[in-house]
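Comments concern the structure below.
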Amino acid sequence: MGWKIYFWFLSILLSIGYAVLFGVTPMSALPNIWDYLDLIFSSISLAGVFAYSYKKRLLSARFWKFWLVAFLLWDITYNLIISHYLGLAQQLGPEHGVTTFNEMLFAWLFFIPKYVALYLLGYKSTSLWNK
C-alpha cells in the first residue's frame, strides 16, 4: 500500500514540476533539450515505480537493472550539473530564488524511494518475473 501511495505522490509531484517547467504556469522558464530528456527519463522511471507498486510486468527485469544505473547517472548529471550550469538556474538567476545545491540535495531525499523501487523491480522481484 505504501508503494502505491508513493507512486501517486511522485506522479503529482512530477506533474507539477513539469507543468512549471514547460510553461503551464506564469513561473515557467524556457525549457531546453536537457529538460525534455529529463521528462523522458523521469517518465520511464515513473513507469517502473508503477510496475513495482502494482506488481505489473512491464518490459523485463534485465531492462530495469540497466535502467536503474542509467537513470541514476542521468539524474545525478541532470540535477547537479546540467540544470545548474545549463538549465533553469541559468535562465532565472539568483534573483528568482533558484534553489541552492544543498536545497537540491535535500529535495532529492524525496526521490530516494524511486531508486529503491527500481532496484527492487529489477533485482528482487523474482516472483513477478517468473510468472
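Order determines the names: the first chain of the C-alpha cells is A, the second B, and so forth; residues in each chain are numbered 1 upward, and ligands are numbered 1 upward as they are shown.
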task = Show which residues sit within 9 Å of Tyr119 in chain A, as a PyMOL selection string. Count only C-alpha atoms, and ignore same-chain residues fewer than 3 positions away.
result = chain A and resi 64-65+68+114-116+122-124
inquiry  = List as a ChimeraX atom specification the protein and nucleic acid residues near range 40-50 of chain A, meaning an atom at most 7 Å away when only C-alpha atoms are counted, but skip any in the same chain fewer than 4 places from it.
reply    = /A:7,36,54,71,114,117-118
task = For Tyr18 in chain A, list every protein, DNA or RNA residue within 10 Å, evaluated using only C-alpha atoms, and leave out those in the same chain fewer than 2 positions away; present the list as a count of residues only.
result = 17
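Between Lys55 in chain A and the candidates A:Trp34, A:Trp129, A:Phe9, A:Trp67, the tightest atom-to-atom separation, counting only C-alpha atoms, involves A:Trp129.
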task = Pull the helix (DSSP H, G or I) assignments for range 37-78 of chain A out of DSSP run on the backbone, and list those residues as JSON, numbers by chain.
result = {"A": [37, 38, 39, 40, 41, 42, 43, 44, 45, 46, 47, 48, 49, 50, 51, 52, 53, 61, 62, 63, 64, 65, 66, 67, 68, 69, 70, 71, 72, 73, 74, 75, 76, 77, 78]}
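Minimum atom-to-atom distance to Leu72 in chain A, evaluated using only C-alpha atoms, belongs to A:Phe111 out of A:Trp3, A:Ser60, A:Ala51, A:Phe111.
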